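Dumped my_file23.cif below, it's mmCIF, C-alpha atoms:
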data_entry
#
loop_
_atom_site.group_PDB
_atom_site.id
_atom_site.type_symbol
_atom_site.label_atom_id
_atom_site.label_comp_id
_atom_site.auth_asym_id
_atom_site.auth_seq_id
_atom_site.Cartn_x
_atom_site.Cartn_y
_atom_site.Cartn_z
ATOM 1 C CA MET A 271 6.066 29.582 159.652
ATOM 2 C CA ASN A 272 5.952 27.639 156.375
ATOM 3 C CA ILE A 273 9.710 27.914 155.967
ATOM 4 C CA GLN A 274 10.246 26.346 159.404
ATOM 5 C CA LYS A 275 7.971 23.436 158.517
ATOM 6 C CA ALA A 276 9.800 22.933 155.238
ATOM 7 C CA ILE A 277 13.181 22.936 157.024
ATOM 8 C CA ILE A 278 11.937 20.384 159.561
ATOM 9 C CA ILE A 279 10.571 18.132 156.808
ATOM 10 C CA ILE A 280 13.814 18.369 154.821
ATOM 11 C CA ALA A 281 15.847 17.609 157.960
ATOM 12 C CA LEU A 282 13.713 14.539 158.694
ATOM 13 C CA VAL A 283 14.077 13.286 155.126
ATOM 14 C CA VAL A 284 17.853 13.751 155.297
ATOM 15 C CA LEU A 285 17.985 11.840 158.602
ATOM 16 C CA VAL A 286 15.940 8.938 157.216
ATOM 17 C CA VAL A 287 18.112 8.708 154.093
ATOM 18 C CA ALA A 288 21.285 8.869 156.215
ATOM 19 C CA ALA A 289 19.983 6.095 158.490
ATOM 20 C CA ILE A 290 19.166 3.860 155.523
ATOM 21 C CA LEU A 291 22.507 4.452 153.813
ATOM 22 C CA GLY A 292 24.413 4.027 157.079
ATOM 23 C CA SER A 293 22.678 0.739 157.800
ATOM 24 C CA ARG A 294 23.430 -0.535 154.300
ATOM 25 C CA TYR A 295 27.076 0.503 154.577
ATOM 26 C CA ARG A 296 27.511 -1.304 157.909
ATOM 27 C CA PHE A 297 25.853 -4.444 156.532
ATOM 28 C CA LEU A 298 28.124 -4.525 153.460
ATOM 29 C CA LYS A 299 31.205 -3.854 155.584
ATOM 30 C CA GLU A 300 30.342 -6.667 158.000
ATOM 31 C CA THR A 301 29.671 -9.028 155.083
ATOM 32 C CA GLN A 302 33.245 -8.448 153.923
ATOM 33 C CA ASN A 303 34.498 -8.930 157.493
ATOM 34 C CA VAL A 304 32.694 -12.285 157.810
ATOM 35 C CA LEU A 305 34.336 -13.496 154.603
ATOM 36 C CA LYS A 306 37.742 -12.341 155.888
ATOM 37 C CA ILE A 307 37.172 -14.217 159.160
ATOM 38 C CA PHE A 308 36.714 -17.456 157.217
ATOM 39 C CA GLY A 309 39.868 -16.677 155.251
ATOM 40 C CA LYS A 310 41.886 -16.142 158.436
ATOM 41 C CA ALA A 311 40.500 -19.385 159.875
ATOM 42 C CA ASP A 312 41.530 -21.183 156.653
ATOM 43 C CA ALA A 313 38.038 -22.714 156.504
ATOM 44 C CA PHE A 314 37.930 -23.338 152.758
ATOM 45 C CA ASP A 315 36.758 -26.964 152.711
ATOM 46 C CA GLU A 316 34.844 -29.518 154.749
ATOM 47 C CA ALA A 317 38.000 -30.796 156.433
ATOM 48 C CA ASN A 318 38.696 -27.323 157.855
ATOM 49 C CA ALA A 319 35.093 -26.351 158.616
ATOM 50 C CA VAL A 320 34.604 -24.406 161.841
ATOM 51 C CA LYS A 321 31.821 -23.807 164.322
ATOM 52 C CA ALA A 322 30.357 -20.311 164.308
ATOM 53 C CA ASP A 323 31.173 -19.880 168.007
ATOM 54 C CA ASP A 324 34.826 -20.788 167.418
ATOM 55 C CA ILE A 325 35.361 -17.830 165.084
ATOM 56 C CA GLY A 326 33.228 -15.334 166.969
ATOM 57 C CA LEU A 327 30.098 -15.522 164.829
ATOM 58 C CA GLY A 328 27.806 -17.161 167.334
ATOM 59 C CA PRO A 329 24.792 -15.402 168.822
ATOM 60 C CA LYS A 330 25.558 -12.635 171.305
ATOM 61 C CA SER A 331 23.408 -11.281 174.076
ATOM 62 C CA VAL A 332 22.102 -7.725 174.028
ATOM 63 C CA PHE A 333 24.580 -6.850 176.768
ATOM 64 C CA MET A 334 27.529 -8.133 174.722
ATOM 65 C CA ARG A 335 26.414 -6.076 171.722
ATOM 66 C CA GLY A 336 25.885 -2.984 173.817
ATOM 67 C CA GLY A 337 22.295 -2.726 172.587
ATOM 68 C CA MET A 338 23.415 -2.188 168.991
ATOM 69 C CA ARG A 339 22.234 -4.224 166.020
ATOM 70 C CA ASP A 340 24.643 -7.079 165.282
ATOM 71 C CA TYR A 341 25.276 -6.634 161.566
ATOM 72 C CA LYS A 342 27.967 -9.324 161.572
ATOM 73 C CA ALA A 343 25.472 -11.997 162.684
ATOM 74 C CA ILE A 344 22.938 -10.792 160.104
ATOM 75 C CA ALA A 345 25.581 -10.856 157.362
ATOM 76 C CA PHE A 346 26.659 -14.358 158.411
ATOM 77 C CA GLN A 347 23.089 -15.684 158.269
ATOM 78 C CA ASN A 348 22.516 -14.068 154.871
ATOM 79 C CA LEU A 349 25.714 -15.615 153.472
ATOM 80 C CA VAL A 350 24.618 -19.044 154.734
ATOM 81 C CA SER A 351 21.115 -18.553 153.271
ATOM 82 C CA ALA A 352 22.616 -17.557 149.913
ATOM 83 C CA ASN A 353 24.853 -20.687 149.971
ATOM 84 C CA VAL A 354 27.994 -18.575 149.832
ATOM 85 C CA ILE A 355 29.047 -20.102 153.141
ATOM 86 C CA GLN A 356 28.354 -23.827 153.250
ATOM 87 C CA LEU A 357 26.808 -25.587 156.255
ATOM 88 C CA ILE A 358 27.638 -29.181 157.130
ATOM 89 C CA GLN A 359 26.312 -31.285 160.001
ATOM 90 C CA THR A 360 28.901 -33.268 161.945
ATOM 91 C CA GLU A 361 28.894 -35.241 165.168
ATOM 92 C CA GLU A 362 30.124 -32.069 166.872
ATOM 93 C CA GLY A 363 27.216 -30.053 165.475
ATOM 94 C CA ALA A 364 26.863 -27.501 162.703
ATOM 95 C CA LYS A 365 30.085 -26.404 161.018
ATOM 96 C CA TYR A 366 30.664 -23.899 158.253
ATOM 97 C CA PHE A 367 33.190 -23.341 155.503
ATOM 98 C CA LEU A 368 33.677 -20.873 152.678
ATOM 99 C CA PRO A 369 34.665 -22.519 149.377
ATOM 100 C CA ARG A 370 37.847 -21.011 147.947
ATOM 101 C CA ASP A 371 36.113 -19.975 144.700
ATOM 102 C CA GLN A 372 33.507 -18.004 146.688
ATOM 103 C CA TYR A 373 36.259 -16.365 148.738
ATOM 104 C CA ASP A 374 38.094 -15.323 145.588
ATOM 105 C CA LYS A 375 34.867 -14.166 143.952
ATOM 106 C CA TYR A 376 33.800 -11.856 146.779
ATOM 107 C CA LEU A 377 37.229 -10.784 148.040
ATOM 108 C CA LYS A 378 39.245 -10.173 144.916
ATOM 109 C CA LYS A 379 42.872 -9.679 145.735
ATOM 110 C CA LYS A 380 44.264 -6.459 144.340
#

As structure tokens:
Amino acid sequence: MNIQKAIIIIALVVLVVAAILGSRYRFLKETQNVLKIFGKADAFDEANAVKADDIGLGPKSVFMRGGMRDYKAIAFQNLVSANVIQLIQTEEGAKYFLPRDQYDKYLKKK
């Protein structure tokens, strides 16, 4: 009886650790993907700034996400909050760009 309880507790601990590590991995992967999206859009300065919706980083409904957590949107907001991605206000609305030095810093070319 005690062995079964111990196995259940160990299994639950392993599941919690796996969920935490999996969530962290997905967040870091999507952070890199957001930076790559800005690179592909060539949005490295104010003149080439883009709207989030134009590059697929706008808010999505639960149905579009399939009920899953949208790590890409979370990563995008965190990069904006950390001033890695710069926000500018234009007549067209909010636009974003990733300075070239930040791109090179976080996505070192090998």

Box time for region 359-377 of chain A: axis-aligned, enclosing all its listed atoms, 5 Å extra on each side; report centre and edge lengths in Å to one decimal, as AutoDock Vina command-line options.
--center_x 32.2 --center_y -23.0 --center_z 155.4 --size_x 21.8 --size_y 34.5 --size_z 32.9

Between CA of Tyr341 (chain A) and CA of Glu300 (chain A), what is the distance, to one decimal in Å? 6.2 Å

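Between CA of Tyr376 (chain A) and CA of Asn303 (chain A) lies a distance of 11.1 Å.
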
Counting only C-alpha atoms, which of A:Ala364, A:Ile355, A:Ile278, A:Val284 gets nearest to Gly309 (chain A)? A:Ile355

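Between CA of Lys299 (chain A) and CA of Ala345 (chain A) there is a distance of 9.2 Å.
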
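When only C-alpha atoms are used to compute distances to Asp374 (chain A), the closest of the residues A:Ala317, A:Leu305, A:Leu349, A:Ile358 turns out to be A:Leu305.
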
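For the set A:Tyr366, A:Ala288, A:Asp340, A:Asp371, the residue with the smallest atom-to-atom gap to Ile307 (chain A) is A:Tyr366, counting all atoms listed in the file.
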
Please provide the set of residues having any atom within 9 Å of Leu377 (chain A), restricted to all atoms listed in the file, with same-chain residues fewer than 2 positions apart removed, written as a PyMOL selection string. chain A and resi 302+305-306+372-375+379

Name every residue that the PyMOL selection byres ((chain A and resi 322) around 10) selects in this structure, writing the answer as a VMD selection string with chains first and numbers rising. chain A and resid 308 319 to 321 323 to 329 343 346 364 to 367

Please output region 340-370 of chain A, rebuilt to include N, CA and C atoms, as a compact mmCIF listing (two decimals), in the frame of the given file.
# COMPACT_ATOMS: atom_id res chain seq x y z
N ASP A 340 23.47 -6.26 165.60
CA ASP A 340 24.64 -7.08 165.28
C ASP A 340 24.65 -7.38 163.78
N TYR A 341 25.25 -6.48 163.02
CA TYR A 341 25.28 -6.63 161.57
C TYR A 341 26.11 -7.83 161.14
N LYS A 342 27.13 -8.18 161.93
CA LYS A 342 27.97 -9.32 161.57
C LYS A 342 27.16 -10.62 161.59
N ALA A 343 26.31 -10.80 162.61
CA ALA A 343 25.47 -12.00 162.68
C ALA A 343 24.45 -12.02 161.55
N ILE A 344 23.90 -10.87 161.21
CA ILE A 344 22.94 -10.79 160.10
C ILE A 344 23.63 -11.12 158.79
N ALA A 345 24.83 -10.58 158.59
CA ALA A 345 25.58 -10.86 157.36
C ALA A 345 25.92 -12.34 157.26
N PHE A 346 26.33 -12.93 158.38
CA PHE A 346 26.66 -14.36 158.41
C PHE A 346 25.45 -15.20 158.01
N GLN A 347 24.30 -14.93 158.60
CA GLN A 347 23.09 -15.68 158.27
C GLN A 347 22.70 -15.50 156.80
N ASN A 348 22.84 -14.30 156.28
CA ASN A 348 22.52 -14.07 154.87
C ASN A 348 23.47 -14.82 153.94
N LEU A 349 24.75 -14.87 154.29
CA LEU A 349 25.71 -15.62 153.47
C LEU A 349 25.43 -17.11 153.50
N VAL A 350 24.99 -17.62 154.64
CA VAL A 350 24.62 -19.04 154.73
C VAL A 350 23.36 -19.29 153.91
N SER A 351 22.38 -18.40 154.02
CA SER A 351 21.12 -18.55 153.27
C SER A 351 21.35 -18.50 151.76
N ALA A 352 22.32 -17.69 151.34
CA ALA A 352 22.62 -17.56 149.91
C ALA A 352 23.57 -18.64 149.42
N ASN A 353 23.93 -19.59 150.29
CA ASN A 353 24.85 -20.69 149.97
C ASN A 353 26.24 -20.21 149.57
N VAL A 354 26.62 -19.03 150.01
CA VAL A 354 27.99 -18.58 149.83
C VAL A 354 28.86 -19.30 150.85
N ILE A 355 28.41 -19.32 152.09
CA ILE A 355 29.05 -20.10 153.14
C ILE A 355 28.27 -21.40 153.26
N GLN A 356 28.98 -22.51 153.24
CA GLN A 356 28.35 -23.83 153.25
C GLN A 356 28.21 -24.35 154.68
N LEU A 357 27.10 -24.99 154.95
CA LEU A 357 26.81 -25.59 156.26
C LEU A 357 26.90 -27.10 156.13
N ILE A 358 27.61 -27.72 157.07
CA ILE A 358 27.64 -29.18 157.13
C ILE A 358 27.30 -29.60 158.55
N GLN A 359 26.65 -30.73 158.69
CA GLN A 359 26.31 -31.28 160.00
C GLN A 359 27.33 -32.38 160.33
N THR A 360 27.94 -32.27 161.49
CA THR A 360 28.90 -33.27 161.94
C THR A 360 28.45 -33.78 163.30
N GLU A 361 29.20 -34.72 163.83
CA GLU A 361 28.89 -35.24 165.17
C GLU A 361 29.04 -34.14 166.22
N GLU A 362 29.90 -33.18 165.94
CA GLU A 362 30.12 -32.07 166.87
C GLU A 362 29.07 -30.98 166.73
N GLY A 363 28.24 -31.07 165.72
CA GLY A 363 27.22 -30.05 165.48
C GLY A 363 27.42 -29.37 164.13
N ALA A 364 26.78 -28.23 163.97
CA ALA A 364 26.86 -27.50 162.70
C ALA A 364 28.24 -26.86 162.54
N LYS A 365 28.81 -27.04 161.36
CA LYS A 365 30.08 -26.40 161.02
C LYS A 365 29.93 -25.71 159.67
N TYR A 366 30.77 -24.72 159.46
CA TYR A 366 30.66 -23.90 158.25
C TYR A 366 32.01 -23.79 157.58
N PHE A 367 31.97 -23.63 156.26
CA PHE A 367 33.19 -23.34 155.50
C PHE A 367 32.83 -22.48 154.30
N LEU A 368 33.83 -21.76 153.83
CA LEU A 368 33.68 -20.87 152.68
C LEU A 368 34.52 -21.44 151.54
N PRO A 369 33.88 -21.97 150.49
CA PRO A 369 34.66 -22.52 149.38
C PRO A 369 35.62 -21.47 148.81
N ARG A 370 36.80 -21.91 148.44
CA ARG A 370 37.85 -21.01 147.95
C ARG A 370 37.36 -20.17 146.78
